[in-house]
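Trainee: Provided below: entry39.cif, containing mmCIF, C-alpha atoms.
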data_input
loop_
_atom_site.label_atom_id
_atom_site.label_comp_id
_atom_site.auth_asym_id
_atom_site.auth_seq_id
_atom_site.Cartn_x
_atom_site.Cartn_y
_atom_site.Cartn_z
CA MET L 1 -27.96 -14.80 -23.95
CA LYS L 2 -27.46 -12.23 -26.73
CA VAL L 3 -26.45 -9.66 -24.12
CA ILE L 4 -23.83 -12.02 -22.66
CA VAL L 5 -22.34 -12.85 -26.07
CA ALA L 6 -22.30 -9.15 -26.99
CA ALA L 7 -20.45 -8.25 -23.78
CA PHE L 8 -17.95 -11.08 -24.25
CA ILE L 9 -17.16 -10.17 -27.86
CA SER L 10 -16.88 -6.43 -27.12
CA ALA L 11 -14.54 -7.10 -24.19
CA PHE L 12 -12.48 -9.56 -26.22
CA LEU L 13 -12.03 -6.93 -28.93
CA PHE L 14 -11.24 -4.29 -26.30
CA GLY L 15 -8.61 -6.59 -24.80
CA VAL L 16 -6.99 -7.24 -28.18
CA GLY L 17 -6.90 -3.48 -28.79
CA LEU L 18 -5.25 -2.85 -25.41
CA ALA L 19 -2.55 -5.44 -26.13
CA LEU L 20 -1.92 -4.18 -29.69
CA ALA L 21 -1.66 -0.63 -28.33
CA GLY L 22 0.97 -1.56 -25.72
CA MET L 23 -1.25 -0.75 -22.72
CA THR L 24 -0.54 -4.21 -21.27
CA LEU L 25 3.16 -3.34 -20.85
CA PRO L 26 3.44 -1.55 -17.49
CA GLY L 27 6.95 -0.33 -18.33
CA LYS L 28 5.60 1.42 -21.43
CA VAL L 29 2.74 3.02 -19.48
CA ILE L 30 5.20 4.33 -16.87
CA GLY L 31 7.32 5.68 -19.75
CA PHE L 32 4.23 7.52 -21.02
CA LEU L 33 3.81 9.19 -17.61
CA ASP L 34 7.56 9.87 -17.26
CA LEU L 35 7.47 13.49 -18.43
CA THR L 36 10.34 14.54 -16.16
CA GLY L 37 12.57 11.72 -17.37
CA ASN L 38 12.66 9.64 -20.51
CA TRP L 39 9.26 10.40 -22.03
CA ASP L 40 7.55 7.96 -24.43
CA PRO L 41 4.54 9.90 -25.80
CA SER L 42 3.32 7.09 -28.08
CA LEU L 43 0.47 5.91 -25.81
CA ALA L 44 -1.25 9.29 -26.31
CA LEU L 45 -2.08 7.87 -29.74
CA VAL L 46 -4.21 5.17 -28.07
CA MET L 47 -6.50 7.90 -26.75
CA VAL L 48 -6.42 9.67 -30.12
CA GLY L 49 -7.41 6.48 -31.97
CA ALA L 50 -10.12 5.42 -29.53
CA ILE L 51 -11.69 8.85 -29.08
CA THR L 52 -11.65 9.62 -32.82
CA VAL L 53 -13.63 6.45 -33.54
CA HIS L 54 -15.99 6.68 -30.58
CA ALA L 55 -16.69 10.43 -30.78
CA VAL L 56 -18.20 9.80 -34.22
CA SER L 57 -19.84 6.41 -33.54
CA PHE L 58 -21.34 7.59 -30.21
CA ARG L 59 -23.32 10.31 -31.96
CA LEU L 60 -24.51 7.94 -34.69
CA ILE L 61 -25.48 5.17 -32.25
CA MET L 62 -27.38 7.53 -29.93
CA LYS L 63 -29.66 8.52 -32.84
CA ARG L 64 -31.25 5.08 -32.48
CA PRO L 65 -34.27 4.80 -30.18
CA SER L 66 -32.64 1.88 -28.31
CA PRO L 67 -29.70 -0.54 -28.44
CA LEU L 68 -30.11 -3.73 -30.47
CA PHE L 69 -30.34 -6.24 -27.61
CA SER L 70 -31.48 -4.14 -24.62
CA PRO L 71 -34.52 -1.93 -23.98
CA LYS L 72 -32.64 1.35 -23.46
CA PHE L 73 -29.31 3.16 -23.40
CA LEU L 74 -27.75 3.59 -19.93
CA VAL L 75 -25.27 6.44 -20.40
CA PRO L 76 -24.23 8.64 -17.43
CA THR L 77 -25.84 12.09 -17.49
CA ARG L 78 -24.29 13.76 -14.41
CA ARG L 79 -22.33 16.93 -15.17
CA ASP L 80 -21.45 18.16 -11.65
CA ILE L 81 -17.84 18.09 -10.48
CA ASP L 82 -17.64 16.86 -6.88
CA ALA L 83 -14.84 16.07 -4.44
CA LYS L 84 -15.30 12.30 -4.85
CA LEU L 85 -14.65 12.54 -8.59
CA VAL L 86 -11.51 14.62 -8.14
CA VAL L 87 -10.04 12.81 -5.11
CA GLY L 88 -10.89 9.35 -6.48
CA SER L 89 -9.31 10.13 -9.85
CA LEU L 90 -6.19 11.55 -8.17
CA ILE L 91 -5.84 8.36 -6.06
CA PHE L 92 -6.33 6.20 -9.15
CA GLY L 93 -3.58 8.13 -10.96
CA VAL L 94 -1.12 7.47 -8.12
CA GLY L 95 -1.77 3.73 -8.38
CA TRP L 96 -1.55 3.89 -12.18
CA GLY L 97 1.82 5.64 -11.98
CA LEU L 98 3.15 3.19 -9.40
CA GLY L 99 2.11 -0.04 -11.11
CA GLY L 100 1.72 0.96 -14.75
CA PHE L 101 -1.62 -0.84 -14.92
CA CYS L 102 -5.13 0.53 -15.19
CA PRO L 103 -8.05 -1.90 -14.68
CA GLY L 104 -8.60 -3.13 -18.28
CA PRO L 105 -4.99 -3.97 -19.16
CA ALA L 106 -4.51 -5.63 -15.75
CA LEU L 107 -7.41 -8.02 -16.46
CA VAL L 108 -6.00 -8.78 -19.93
CA ALA L 109 -2.49 -9.34 -18.57
CA PHE L 110 -3.94 -11.58 -15.82
CA ALA L 111 -3.89 -14.37 -18.40
CA THR L 112 -0.07 -14.35 -18.41
CA GLY L 113 -0.15 -15.62 -14.83
CA GLN L 114 2.80 -13.43 -13.88
CA PRO L 115 2.85 -13.05 -10.07
CA LYS L 116 3.06 -9.24 -10.23
CA VAL L 117 -0.11 -9.05 -12.31
CA LEU L 118 -1.92 -11.53 -10.07
CA TYR L 119 -1.02 -9.50 -6.97
CA PHE L 120 -2.08 -6.31 -8.72
CA VAL L 121 -5.49 -7.70 -9.74
CA ALA L 122 -6.12 -9.22 -6.30
CA SER L 123 -5.21 -5.90 -4.63
CA MET L 124 -7.38 -3.99 -7.10
CA CYS L 125 -10.37 -6.17 -6.14
CA ALA L 126 -9.53 -5.58 -2.47
CA GLY L 127 -9.48 -1.83 -3.19
CA VAL L 128 -13.00 -2.09 -4.66
CA VAL L 129 -14.15 -3.91 -1.51
CA PHE L 130 -12.50 -1.29 0.75
CA HIS L 131 -14.34 1.43 -1.15
CA ARG L 132 -17.65 -0.36 -0.58
CA LEU L 133 -16.95 -0.61 3.17
CA TYR L 134 -15.76 3.00 3.28
CA SER L 135 -18.86 4.34 1.52
CA LYS L 136 -21.09 2.37 3.93
CA VAL L 137 -19.33 3.96 6.91
CA ILE L 138 -19.48 7.44 5.35
CA THR L 139 -23.20 7.32 4.52
CA LYS L 140 -24.20 6.16 8.04
CA MET Q 1 12.87 15.92 -20.31
CA THR Q 2 14.20 13.69 -23.08
CA LEU Q 3 12.09 11.95 -25.69
CA VAL Q 4 12.59 8.26 -26.38
CA SER Q 5 13.15 7.53 -30.08
CA LEU Q 6 10.22 5.71 -31.64
CA SER Q 7 10.00 3.68 -34.83
CA SER Q 8 7.02 4.17 -37.13
CA GLU Q 9 5.68 0.79 -35.96
CA GLN Q 10 5.84 2.01 -32.36
CA LEU Q 11 3.62 4.92 -33.38
CA ILE Q 12 1.23 3.03 -35.64
CA MET Q 13 0.45 0.19 -33.20
CA PRO Q 14 -0.93 2.46 -30.44
CA LEU Q 15 -3.09 4.22 -33.04
CA ILE Q 16 -4.43 0.91 -34.41
CA GLY Q 17 -4.93 -0.49 -30.90
CA GLY Q 18 -6.77 2.70 -29.94
CA GLY Q 19 -8.99 2.40 -33.02
CA VAL Q 20 -9.84 -1.19 -32.08
CA ILE Q 21 -10.71 -0.01 -28.54
CA GLY Q 22 -12.97 2.67 -30.07
CA VAL Q 23 -14.77 0.01 -32.12
CA ALA Q 24 -15.12 -2.25 -29.05
CA VAL Q 25 -16.73 0.43 -26.84
CA SER Q 26 -19.00 1.40 -29.75
CA LEU Q 27 -20.06 -2.22 -30.18
CA LEU Q 28 -21.02 -2.55 -26.51
CA LEU Q 29 -23.04 0.69 -26.71
CA LEU Q 30 -24.80 -0.32 -29.93
CA LEU Q 31 -25.61 -3.86 -28.80
CA ILE Q 32 -26.54 -3.48 -25.12
CA GLY Q 33 -26.53 0.29 -24.52
CA ARG Q 34 -23.79 0.33 -21.90
CA VAL Q 35 -20.75 2.54 -21.37
CA PHE Q 36 -17.60 0.44 -21.44
CA GLY Q 37 -16.07 1.41 -18.11
CA VAL Q 38 -13.86 -1.40 -16.86
CA SER Q 39 -13.76 -0.26 -13.22
CA GLY Q 40 -17.55 0.04 -13.21
CA ILE Q 41 -17.91 -3.43 -14.73
CA LEU Q 42 -15.54 -4.83 -12.09
CA GLY Q 43 -17.32 -3.06 -9.23
CA GLY Q 44 -20.70 -4.37 -10.38
CA ALA Q 45 -19.30 -7.88 -10.78
CA LEU Q 46 -17.87 -7.93 -7.24
CA PHE Q 47 -21.08 -6.52 -5.73
CA PRO Q 48 -23.80 -8.04 -7.91
CA VAL Q 49 -27.16 -6.38 -8.42
CA LYS Q 50 -29.85 -8.82 -9.55
CA GLY Q 51 -30.35 -8.81 -13.32
CA ASP Q 52 -27.29 -6.62 -13.97
CA THR Q 53 -24.41 -9.02 -13.42
CA ASP Q 54 -24.22 -11.55 -16.25
CA TRP Q 55 -22.98 -9.11 -18.90
CA ARG Q 56 -20.29 -7.87 -16.49
CA LEU Q 57 -18.99 -11.38 -15.85
CA ALA Q 58 -19.06 -12.05 -19.60
CA ALA Q 59 -17.03 -8.89 -20.22
CA ILE Q 60 -14.42 -9.92 -17.62
CA LEU Q 61 -14.19 -13.34 -19.28
CA GLY Q 62 -13.75 -11.56 -22.62
CA PHE Q 63 -10.75 -9.66 -21.24
CA LEU Q 64 -9.19 -12.84 -19.84
CA ALA Q 65 -9.76 -14.65 -23.16
CA ALA Q 66 -8.15 -11.78 -25.08
CA GLY Q 67 -5.15 -12.06 -22.79
CA LEU Q 68 -4.82 -15.80 -23.36
CA VAL Q 69 -5.05 -15.38 -27.14
CA MET Q 70 -2.66 -12.42 -27.33
CA ALA Q 71 -0.13 -14.17 -25.07
CA GLN Q 72 -0.05 -16.95 -27.69
CA LEU Q 73 -0.20 -14.86 -30.88
CA MET Q 74 1.86 -11.81 -29.85
CA PRO Q 75 3.70 -12.63 -26.60
CA ALA Q 76 5.77 -9.45 -26.86
CA THR Q 77 2.62 -7.40 -26.13
CA MET Q 78 1.96 -9.01 -22.77
CA ALA Q 79 3.11 -7.74 -19.35
CA ALA Q 80 6.86 -7.56 -19.74
CA GLU Q 81 8.75 -7.46 -16.46
CA THR Q 82 9.33 -4.13 -14.73
CA PRO Q 83 11.86 -3.53 -11.96
CA SER Q 84 9.22 -2.83 -9.29
CA GLU Q 85 8.78 -5.23 -6.40
CA ILE Q 86 5.64 -7.15 -5.45
CA TRP Q 87 4.63 -4.74 -2.66
CA VAL Q 88 4.54 -1.88 -5.18
CA TYR Q 89 1.97 -3.81 -7.24
CA CYS Q 90 -0.08 -4.54 -4.11
CA LEU Q 91 -0.15 -0.85 -3.14
CA ALA Q 92 -0.82 0.19 -6.74
CA GLY Q 93 -3.70 -2.27 -7.06
CA LEU Q 94 -5.33 -1.06 -3.84
CA LEU Q 95 -5.12 2.57 -4.97
CA VAL Q 96 -6.45 1.76 -8.45
CA GLY Q 97 -9.34 -0.28 -7.04
CA PHE Q 98 -10.33 2.29 -4.41
CA GLY Q 99 -9.70 5.38 -6.52
CA THR Q 100 -11.65 4.23 -9.57
CA GLN Q 101 -14.69 3.38 -7.45
CA LEU Q 102 -14.59 6.70 -5.58
CA GLY Q 103 -14.00 8.60 -8.84
CA SER Q 104 -16.65 6.59 -10.76
CA GLY Q 105 -14.34 5.52 -13.57
CA CYS Q 106 -10.94 4.87 -15.04
CA THR Q 107 -9.08 5.22 -18.30
CA SER Q 108 -11.87 3.50 -20.26
CA GLY Q 109 -15.06 4.94 -18.76
CA HIS Q 110 -13.75 8.49 -18.26
CA GLY Q 111 -10.75 8.60 -20.62
CA VAL Q 112 -12.31 7.04 -23.73
CA CYS Q 113 -16.12 6.94 -23.36
CA GLY Q 114 -16.56 10.12 -21.32
CA ILE Q 115 -14.22 12.31 -23.35
CA SER Q 116 -15.82 11.03 -26.57
CA ARG Q 117 -19.15 12.46 -25.46
CA LEU Q 118 -17.46 15.58 -23.99
CA SER Q 119 -18.63 14.85 -20.44
CA PRO Q 120 -17.26 17.58 -18.14
CA ARG Q 121 -16.92 15.06 -15.28
CA SER Q 122 -14.83 12.74 -17.42
CA ILE Q 123 -12.61 15.51 -18.75
CA ILE Q 124 -11.85 16.66 -15.16
CA ALA Q 125 -11.33 13.04 -14.00
CA THR Q 126 -8.91 12.33 -16.87
CA LEU Q 127 -6.92 15.52 -16.15
CA CYS Q 128 -6.75 14.45 -12.47
CA PHE Q 129 -5.50 10.90 -13.01
CA MET Q 130 -3.07 11.96 -15.73
CA SER Q 131 -1.63 14.67 -13.45
CA SER Q 132 -1.28 12.47 -10.38
CA GLY Q 133 0.14 9.66 -12.53
CA ILE Q 134 2.79 11.99 -13.97
CA ALA Q 135 3.55 13.39 -10.49
CA THR Q 136 3.87 9.87 -9.06
CA VAL Q 137 6.30 8.73 -11.76
CA ALA Q 138 8.31 11.94 -11.27
CA LEU Q 139 8.48 11.24 -7.52
CA VAL Q 140 9.48 7.61 -8.03
CA ARG Q 141 12.16 8.78 -10.45
CA ALA Q 142 13.41 11.42 -7.99
CA LEU Q 143 13.66 8.71 -5.32
CA GLY Q 144 15.74 6.55 -7.66
CA GLY Q 145 13.02 3.97 -8.39
CA ILE Q 146 13.35 4.22 -12.19
CA PRO Q 147 16.69 3.16 -13.70
#
Show how you would write the structure in this file as structure tokens.
Mentor:
Amino acid sequence: MKVIVAAFISAFLFGVGLALAGMTLPGKVIGFLDLTGNWDPSLALVMVGAITVHAVSFRLIMKRPSPLFSPKFLVPTRRDIDAKLVVGSLIFGVGWGLGGFCPGPALVAFATGQPKVLYFVASMCAGVVFHRLYSKVITK
Amino acid sequence: MTLVSLSSEQLIMPLIGGGVIGVAVSLLLLLIGRVFGVSGILGGALFPVKGDTDWRLAAILGFLAAGLVMAQLMPATMAAETPSEIWVYCLAGLLVGFGTQLGSGCTSGHGVCGISRLSPRSIIATLCFMSSGIATVALVRALGGIP
């Protein structure tokens, strides 16, 4: 139960941060990526704010033997660069540039009930399912 | 390239929002030891693994709740209309869903959490999705899709 409440509260706070930052406005996100046109660099400050806080807190938190409500930390340790990482990230960027939504802000904006957001989130879930089918075919 | 003019509020809000995001991902790490990657949470929620699903569903509910609250308190922050048509959002969603699963992360897992711990994979991933995002917007603009 503690784990569920912790996840809910963290995500709620994350969602509030995304909205305050302007990440839930697809037009603003596209403006941030519009280097060849009318560039709005302000969303770079979202990364600056988030990374400044977390770069410090991450190091402090990882000094603990374990998290408060779970037996151990599960932080990725891979360091290799493979084709999947590069190609997948490139594909994600194309979708991000087209729609102006990345996954978090899309889920937050889902609550507005705007048809465009609903179609985006439904398609995003379909994309996750396609990837699962694709990776099953590839590994056979 | 031209720069849009920005008020001080338009600069301060992204910084504050980013700080709040930094606190949120730190909270999840401190409390349950997980990296706050939204695409990973979504993937694990759609394809449940026993004993590792409840917190993911709770996180998705947390996002939806934040959206409901912010739409009431600060409606100007929520999903303003863009000129793109529905099919663009469908294509974009498919690419975001597929790409983030193949690339093991998105703006949160790679861009915030990964860069904060200087993960080489996340730094490369972030450079990739930033570059292809910029290239895509440039192409859309060249084709007349941005007014």
Trainee: List every protein, DNA or RNA residue with an atom no more than 8 Å from (-10.6, 6.1, -5.7) in the file's coordinates, counting all atoms listed in the file, and format the result as a PDB file with C-alpha atoms, keeping the file's coordinate frame.
Mentor:
ATOM      1  CA  LYS L  84     -15.300  12.300  -4.850  1.00  0.00           C
ATOM      2  CA  VAL L  87     -10.040  12.810  -5.110  1.00  0.00           C
ATOM      3  CA  GLY L  88     -10.890   9.350  -6.480  1.00  0.00           C
ATOM      4  CA  SER L  89      -9.310  10.130  -9.850  1.00  0.00           C
ATOM      5  CA  LEU L  90      -6.190  11.550  -8.170  1.00  0.00           C
ATOM      6  CA  ILE L  91      -5.840   8.360  -6.060  1.00  0.00           C
ATOM      7  CA  PHE L  92      -6.330   6.200  -9.150  1.00  0.00           C
ATOM      8  CA  HIS L 131     -14.340   1.430  -1.150  1.00  0.00           C
TER       9      HIS L 131
ATOM     10  CA  LEU Q  95      -5.120   2.570  -4.970  1.00  0.00           C
ATOM     11  CA  VAL Q  96      -6.450   1.760  -8.450  1.00  0.00           C
ATOM     12  CA  GLY Q  97      -9.340  -0.280  -7.040  1.00  0.00           C
ATOM     13  CA  PHE Q  98     -10.330   2.290  -4.410  1.00  0.00           C
ATOM     14  CA  GLY Q  99      -9.700   5.380  -6.520  1.00  0.00           C
ATOM     15  CA  THR Q 100     -11.650   4.230  -9.570  1.00  0.00           C
ATOM     16  CA  GLN Q 101     -14.690   3.380  -7.450  1.00  0.00           C
ATOM     17  CA  LEU Q 102     -14.590   6.700  -5.580  1.00  0.00           C
ATOM     18  CA  GLY Q 103     -14.000   8.600  -8.840  1.00  0.00           C
ATOM     19  CA  SER Q 104     -16.650   6.590 -10.760  1.00  0.00           C
TER      20      SER Q 104
END
Trainee: Evaluated on this file, the PyMOL selection byres ((chain Q and resi 43) around 9) picks out some residues - which ones are they, written as a list in words?
Mentor: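 That expression, the PyMOL selection byres ((chain Q and resi 43) around 9), corresponds here to Cys125, Val128 and Val129 of chain L; Val38, Ser39, Gly40, Ile41, Leu42, Gly44, Ala45, Leu46, Phe47, Pro48, Gly97 and Gln101 of chain Q.
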Trainee: Give as a PyMOL selection string the residues that the PyMOL selection byres ((chain Q and resi 75) around 12) matches when applied to the coordinates above.
Mentor: (chain L and resi 19-20+22+24-25+109+111-112) or (chain Q and resi 66-74+76-80)
Trainee: Using the chain letters and numbers from the file, give me the residues hit by the PyMOL selection byres ((chain Q and resi 33) around 10), as a list of chain:residue names.
Mentor: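 Going through the file, the PyMOL selection byres ((chain Q and resi 33) around 10) ends up selecting L:Val3, L:Ile61, L:Met62, L:Ser66, L:Pro67, L:Leu68, L:Phe69, L:Ser70, L:Pro71, L:Lys72, L:Phe73, L:Leu74, L:Val75, Q:Ser26, Q:Leu27, Q:Leu28, Q:Leu29, Q:Leu30, Q:Leu31, Q:Ile32, Q:Arg34, Q:Val35, Q:Phe36.
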Trainee: Determine, counting all atoms listed in the file, which protein, DNA and RNA residues have an atom within 9 Å of an atom of Pro76 of chain L; residues of the same chain fewer than 3 positions away are not included. Present the result as a tab-separated table (two decimals) with C-alpha atoms, in the frame of the given file.
Mentor:
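Output (around_5.tsv):
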chain	number	residue	atom	x	y	z
L	79	ARG	CA	-22.33	16.93	-15.17
Q	35	VAL	CA	-20.75	2.54	-21.37
Q	114	GLY	CA	-16.56	10.12	-21.32
Q	119	SER	CA	-18.63	14.85	-20.44
Trainee: Place N, CA, C and O atoms on segment 20-37 of chain Q and deliver the coordinates as a PDB file, keeping the file's coordinate frame.
Mentor:
ATOM      1  N   VAL Q  20      -9.142   0.048 -32.427  1.00  0.00           N
ATOM      2  CA  VAL Q  20      -9.840  -1.190 -32.080  1.00  0.00           C
ATOM      3  C   VAL Q  20     -10.634  -0.998 -30.777  1.00  0.00           C
ATOM      4  O   VAL Q  20     -11.788  -1.438 -30.649  1.00  0.00           O
ATOM      5  N   ILE Q  21     -10.019  -0.307 -29.812  1.00  0.00           N
ATOM      6  CA  ILE Q  21     -10.710  -0.010 -28.540  1.00  0.00           C
ATOM      7  C   ILE Q  21     -11.957   0.837 -28.822  1.00  0.00           C
ATOM      8  O   ILE Q  21     -13.033   0.590 -28.267  1.00  0.00           O
ATOM      9  N   GLY Q  22     -11.823   1.824 -29.711  1.00  0.00           N
ATOM     10  CA  GLY Q  22     -12.970   2.670 -30.070  1.00  0.00           C
ATOM     11  C   GLY Q  22     -14.102   1.855 -30.673  1.00  0.00           C
ATOM     12  O   GLY Q  22     -15.277   2.075 -30.357  1.00  0.00           O
ATOM     13  N   VAL Q  23     -13.753   0.880 -31.519  1.00  0.00           N
ATOM     14  CA  VAL Q  23     -14.770   0.010 -32.120  1.00  0.00           C
ATOM     15  C   VAL Q  23     -15.420  -0.852 -31.031  1.00  0.00           C
ATOM     16  O   VAL Q  23     -16.648  -1.030 -31.006  1.00  0.00           O
ATOM     17  N   ALA Q  24     -14.604  -1.361 -30.099  1.00  0.00           N
ATOM     18  CA  ALA Q  24     -15.120  -2.250 -29.050  1.00  0.00           C
ATOM     19  C   ALA Q  24     -16.124  -1.517 -28.143  1.00  0.00           C
ATOM     20  O   ALA Q  24     -17.199  -2.059 -27.844  1.00  0.00           O
ATOM     21  N   VAL Q  25     -15.794  -0.286 -27.718  1.00  0.00           N
ATOM     22  CA  VAL Q  25     -16.730   0.430 -26.840  1.00  0.00           C
ATOM     23  C   VAL Q  25     -17.992   0.823 -27.613  1.00  0.00           C
ATOM     24  O   VAL Q  25     -19.084   0.847 -27.053  1.00  0.00           O
ATOM     25  N   SER Q  26     -17.838   1.075 -28.922  1.00  0.00           N
ATOM     26  CA  SER Q  26     -19.000   1.400 -29.750  1.00  0.00           C
ATOM     27  C   SER Q  26     -19.916   0.193 -29.894  1.00  0.00           C
ATOM     28  O   SER Q  26     -21.147   0.317 -29.854  1.00  0.00           O
ATOM     29  N   LEU Q  27     -19.300  -0.978 -30.036  1.00  0.00           N
ATOM     30  CA  LEU Q  27     -20.060  -2.220 -30.180  1.00  0.00           C
ATOM     31  C   LEU Q  27     -20.901  -2.479 -28.928  1.00  0.00           C
ATOM     32  O   LEU Q  27     -22.091  -2.812 -29.019  1.00  0.00           O
ATOM     33  N   LEU Q  28     -20.279  -2.301 -27.757  1.00  0.00           N
ATOM     34  CA  LEU Q  28     -21.020  -2.550 -26.510  1.00  0.00           C
ATOM     35  C   LEU Q  28     -22.199  -1.579 -26.398  1.00  0.00           C
ATOM     36  O   LEU Q  28     -23.297  -1.962 -25.991  1.00  0.00           O
ATOM     37  N   LEU Q  29     -21.977  -0.318 -26.772  1.00  0.00           N
ATOM     38  CA  LEU Q  29     -23.040   0.690 -26.710  1.00  0.00           C
ATOM     39  C   LEU Q  29     -24.169   0.347 -27.688  1.00  0.00           C
ATOM     40  O   LEU Q  29     -25.345   0.370 -27.339  1.00  0.00           O
ATOM     41  N   LEU Q  30     -23.791  -0.010 -28.904  1.00  0.00           N
ATOM     42  CA  LEU Q  30     -24.800  -0.320 -29.930  1.00  0.00           C
ATOM     43  C   LEU Q  30     -25.610  -1.562 -29.556  1.00  0.00           C
ATOM     44  O   LEU Q  30     -26.826  -1.590 -29.729  1.00  0.00           O
ATOM     45  N   LEU Q  31     -24.932  -2.595 -29.045  1.00  0.00           N
ATOM     46  CA  LEU Q  31     -25.610  -3.860 -28.800  1.00  0.00           C
ATOM     47  C   LEU Q  31     -26.412  -3.859 -27.504  1.00  0.00           C
ATOM     48  O   LEU Q  31     -27.566  -4.287 -27.486  1.00  0.00           O
ATOM     49  N   ILE Q  32     -25.803  -3.389 -26.395  1.00  0.00           N
ATOM     50  CA  ILE Q  32     -26.540  -3.480 -25.120  1.00  0.00           C
ATOM     51  C   ILE Q  32     -26.699  -2.124 -24.413  1.00  0.00           C
ATOM     52  O   ILE Q  32     -27.219  -2.076 -23.310  1.00  0.00           O
ATOM     53  N   GLY Q  33     -26.237  -1.046 -25.046  1.00  0.00           N
ATOM     54  CA  GLY Q  33     -26.530   0.290 -24.520  1.00  0.00           C
ATOM     55  C   GLY Q  33     -25.735   0.688 -23.292  1.00  0.00           C
ATOM     56  O   GLY Q  33     -26.169   1.558 -22.532  1.00  0.00           O
ATOM     57  N   ARG Q  34     -24.580   0.038 -23.098  1.00  0.00           N
ATOM     58  CA  ARG Q  34     -23.790   0.330 -21.900  1.00  0.00           C
ATOM     59  C   ARG Q  34     -22.503   1.069 -22.233  1.00  0.00           C
ATOM     60  O   ARG Q  34     -21.922   0.860 -23.293  1.00  0.00           O
ATOM     61  N   VAL Q  35     -22.058   1.896 -21.272  1.00  0.00           N
ATOM     62  CA  VAL Q  35     -20.750   2.540 -21.370  1.00  0.00           C
ATOM     63  C   VAL Q  35     -19.704   1.512 -20.954  1.00  0.00           C
ATOM     64  O   VAL Q  35     -19.878   0.807 -19.971  1.00  0.00           O
ATOM     65  N   PHE Q  36     -18.615   1.445 -21.722  1.00  0.00           N
ATOM     66  CA  PHE Q  36     -17.600   0.440 -21.440  1.00  0.00           C
ATOM     67  C   PHE Q  36     -16.584   0.991 -20.435  1.00  0.00           C
ATOM     68  O   PHE Q  36     -15.476   1.380 -20.791  1.00  0.00           O
ATOM     69  N   GLY Q  37     -16.985   1.000 -19.167  1.00  0.00           N
ATOM     70  CA  GLY Q  37     -16.070   1.410 -18.110  1.00  0.00           C
ATOM     71  C   GLY Q  37     -15.616   0.174 -17.356  1.00  0.00           C
ATOM     72  O   GLY Q  37     -16.425  -0.501 -16.717  1.00  0.00           O
TER      73      GLY Q  37
END
